[in-house]
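To start, the structure itself, in structure tokens.
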2 protein chains.
Amino acid sequence: MPPLESALAIESVRLDDANSAIILLDQTLIPVETKYLTLTTQEQVWEAIYELRVRGAPAIGIAAGFGLYLAAKNIAAGLSAGAGFDAFYPLFVKAKEYLASSRPTAVNLFWALDRLDACAKQNAHLPLADMISALRAEAVAIKDEDEQMCKSMGEYGLTLLKPGMGLLTHCNPGTLATARYGTATAPMYLGQERGYDFKVFADETRPLLQGGRLTTFELQSAGIDVTVICDNMASIVMKNGWVHAALVGCDRVAANGDFANKIGTSGVAILAKHYNIPFYVFAPTSTIDLNCATGDDIHIELRNPDEIKTKWYARPMVPQDVKAYNPAFDVTDHSLVTAIVTENGIAYPPFSESLPRMMSPK
Amino acid sequence: MPPLESALAIESVRLDDANSAIILLDQTLIPVETKYLTLTTQEQVWEAIYELRVRGAPAIGIAAGFGLYLAAKNIAAGLSAGAGFDAFYPLFVKAKEYLASSRPTAVNLFWALDRLDACAKQNAHLPLADMISALRAEAVAIKDEDEQMCKSMGEYGLTLLKPGMGLLTHCNPGTLATARYGTATAPMYLGQERGYDFKVFADETRPLLQGGRLTTFELQSAGIDVTVICDNMASIVMKNGWVHAALVGCDRVAANGDFANKIGTSGVAILAKHYNIPFYVFAPTSTIDLNCATGDDIHIELRNPDEIKTKWYARPMVPQDVKAYNPAFDVTDHSLVTAIVTENGIAYPPFSESLPRMMSPK
């Protein structure tokens, strides 16, 4: 049995202490090129987040945390010997605000930066060098916690699957978007380590092609058998008997189990129901919002029509004046969901009863 | 009420007698450019079919028929005065075989060329000029019959729809593929003429994007309200309540009502059933094969994976070594079909009883 490291050959973001750097996989070049960037300045980290070289909410948070830690280290190194927290902190806040401006709507970005800010203030009484060490530990913890959460979802998810199964996934609920393992991909990686021999079908996921570009790339890097299909081929692949479970990630789960995820997810769920295939949602408890009653309360972002009409193409593929409807997400009804896998266990219907239990595990 | 001609501003293929030419809309340039080609030689017609400047089985048949008629006219003009059928016919057969080599698997191509061949032999006793006139009439009849068939499907289809409805279609069952009206688009054009104000959603139809490129183009040219969506957005558009009927074309119908059509059609049918939306199939009786018992007997063509991975794009969008499954068609189960619209009327379930009646109308 190969070690897990062999299944996870790629890593979206990591800290390189020896070089005071962040090593970041440039996702804009995938799948043409696998290039790791070495980022040492806050400007470089800002640019990497702004230009989507790192994407996926958890991965952005991790990059920002590392970025602010490195900025703090550089700030402290630039201060005169004997300077204390009062000299340090205004410059630190400036660096934090600068990094926060890289993606103004990324919740995980602010959350990670705020965690480091709180940590700095909490350790203000320590010598600067020790306070910086505390910041490093906090940034590393953000990543480790995400990794542990993904791994836990993977272990629970794996109990739902059997060796040799065909799996279908949508978008990129993968290691590229997280610290490691990903969400819906976590059982695929753990299964790969344990010789499960899954056959994965990756919906290409129009219009941004996260499945075709990213999921295929990372699963193939791990040696997992992966086949890309157009979104409209999920039906025939299921009808062929090649899919034994559909696994998807999730952006937000409502109290009744309705959930929002990448556009097209609800269609996959309806097909899975039609073909009697289990449909599993991978949702860290951080995405479960018990204050949101149903999916009707989830706002759907509409994006630029050019993502459908011109993006990626060598020439426009839709007449210029034709309207395009481009919702980034859709809501899947809880009645289509077999189970919701969290880091604290597996929630089954009725979700209004099982989800609260996931939020406060024993 | 505007005349029908205003709704059908474009025409895939027509004969220009004054110039002894075929006027052919170059579909490879759509949607960037609307360019009509003037073809006067058999070499030009061959090239237009080979390079897919004309596509769609009926339209290819029509172009080939016109092409062989023009070739015959040129052959006759090149013969010495007083030459008869014996001098003409070997050259005619050579032209027929040449045109037949343009798309070796296009059934309508051979069918149209064979019709003109039979017509030539049947009129061998006539003076050459009269025999050529008979060929012209036969080529025109091929087009007129297709137009009449489409129009009839449109009239029957329109009885199923109401003004103001939202309609969803897949691929290009349109005027570009036929003589006029198209199949599933026929009621949209007739409705446009009669002020029905349909709101049409066109699935872009990966990987070849016939919906995004062609259906949007032709419906917009006719002034019909059309919105392009990615295939994976059909679910949310239906959930939004914007679709009151789904209309699709068809390549082959089995005796039990199962049918093959462009990949993704079965998914649309499953979604329509889930959302309680009627699902209508537009099938000329020429596509109904009562000798084919069920959809299981329909062979599905697998196409080049590069159509998914690289075609249209400015750079590859899927890692080079990743497998792609690229079926050109899928089979939709008859249980998902509300009705099958033919030029002879509307077949309702059970199709095993209603389809034979369509084949032999009173």
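So you can find residues: chains in the structure tokens are A, B, ... in the order shown, residues in each start at 1, and ligands are numbered from 1 in order.
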Quick one: which residues from chain B are at most 7 Å off chain A, using only C-alpha atoms, as a PyMOL selection string?
chain B and resi 31-32+206-207+212-213+216-217+226-233+235-236+263-264+266-267+270-271+312-314+316-319+322-326+330
Per-residue DSSP, stretch 41-255 of chain A, filtered to alpha helix (DSSP H), as a ChimeraX atom specification:
/A:42-50,57-78,85-100,107-122,128-158,186-193,210,216-221,234-239
Can you pull out the residues contacting stretch 87-90 of chain A? Cut-off 9 Å, using only C-alpha atoms, and skip same-chain residues under 2 positions away; I want them as a PyMOL selection string.
chain A and resi 72+75-76+79+83-85+92-95+120-121+124+128
Given the selection you just returned, output its residues as a file containing N, CA, C and O atoms, formatted as a short mmCIF file (atom, residue, chain, number, x, y, z; two decimals), in the first residue's frame.
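Written output follows (result08.cif):
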data_model
loop_
_atom_site.label_atom_id
_atom_site.label_comp_id
_atom_site.auth_asym_id
_atom_site.auth_seq_id
_atom_site.Cartn_x
_atom_site.Cartn_y
_atom_site.Cartn_z
N ALA A 72 4.34 39.95 8.67
CA ALA A 72 4.66 40.29 10.06
C ALA A 72 6.14 40.04 10.34
O ALA A 72 6.83 40.85 11.00
N ILE A 75 8.08 42.75 8.73
CA ILE A 75 7.90 44.01 9.46
C ILE A 75 8.80 44.02 10.70
O ILE A 75 9.54 44.99 10.96
N ALA A 76 8.76 42.92 11.45
CA ALA A 76 9.57 42.84 12.67
C ALA A 76 11.06 42.95 12.34
O ALA A 76 11.82 43.63 13.05
N LEU A 79 12.21 46.50 11.91
CA LEU A 79 12.18 47.44 13.03
C LEU A 79 13.56 47.51 13.70
O LEU A 79 14.35 46.57 13.63
N ALA A 83 12.56 47.44 19.39
CA ALA A 83 11.23 47.95 19.11
C ALA A 83 10.19 46.95 19.59
O ALA A 83 10.43 45.73 19.58
N GLY A 84 9.05 47.46 20.02
CA GLY A 84 8.05 46.57 20.60
C GLY A 84 6.77 46.52 19.77
O GLY A 84 6.73 46.97 18.61
N PHE A 85 5.68 46.01 20.37
CA PHE A 85 4.41 45.77 19.69
C PHE A 85 3.82 47.06 19.16
O PHE A 85 3.20 47.07 18.09
N PHE A 92 1.49 46.14 10.85
CA PHE A 92 0.82 44.84 10.69
C PHE A 92 -0.62 45.02 10.19
O PHE A 92 -1.07 44.34 9.26
N VAL A 93 -1.33 45.98 10.79
CA VAL A 93 -2.71 46.25 10.36
C VAL A 93 -2.75 46.72 8.91
O VAL A 93 -3.63 46.35 8.13
N LYS A 94 -1.77 47.52 8.55
CA LYS A 94 -1.69 47.99 7.16
C LYS A 94 -1.51 46.81 6.20
O LYS A 94 -2.15 46.74 5.14
N ALA A 95 -0.63 45.88 6.58
CA ALA A 95 -0.41 44.69 5.74
C ALA A 95 -1.68 43.85 5.67
O ALA A 95 -2.05 43.33 4.62
N ALA A 120 -2.24 38.17 17.17
CA ALA A 120 -1.22 39.19 17.43
C ALA A 120 -1.56 39.96 18.70
O ALA A 120 -0.72 40.14 19.59
N LYS A 121 -2.83 40.40 18.79
CA LYS A 121 -3.23 41.19 19.96
C LYS A 121 -3.16 40.35 21.24
O LYS A 121 -2.74 40.84 22.30
N ALA A 124 0.42 40.27 22.38
CA ALA A 124 1.10 41.57 22.34
C ALA A 124 2.11 41.72 23.47
O ALA A 124 3.10 42.45 23.35
N LEU A 128 8.64 40.44 20.62
CA LEU A 128 8.18 40.41 19.22
C LEU A 128 8.45 39.07 18.54
O LEU A 128 7.59 38.53 17.84
#
Step one, run DSSP on the backbone; step two, keep only residues of stretch 324-356 of chain B assigned to strand (DSSP E); then write them as a PyMOL selection string.
chain B and resi 324+329-332+339-342+345-347
Point out the residue among A:Leu208, A:Ala48, A:Ala21, A:Leu113 with the least atom-to-atom distance to A:Lys73, counting only C-alpha atoms.
A:Ala21
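Residues in contact range of B:Leu247, defined as at most 8 Å between only C-alpha atoms, with sequence neighbours fewer than 5 positions away removed, read Leu167, Leu168, Thr169, His170, Ala184, Thr185, Phe279, Tyr280, Val281 and Phe282 of chain B.
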Report, in Å with one decimal, the straight-line distance from atom CA of B:Met188 to atom CA of A:Glu307.
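For atom CA of B:Met188 relative to atom CA of A:Glu307, the distance reads 27.1 Å.
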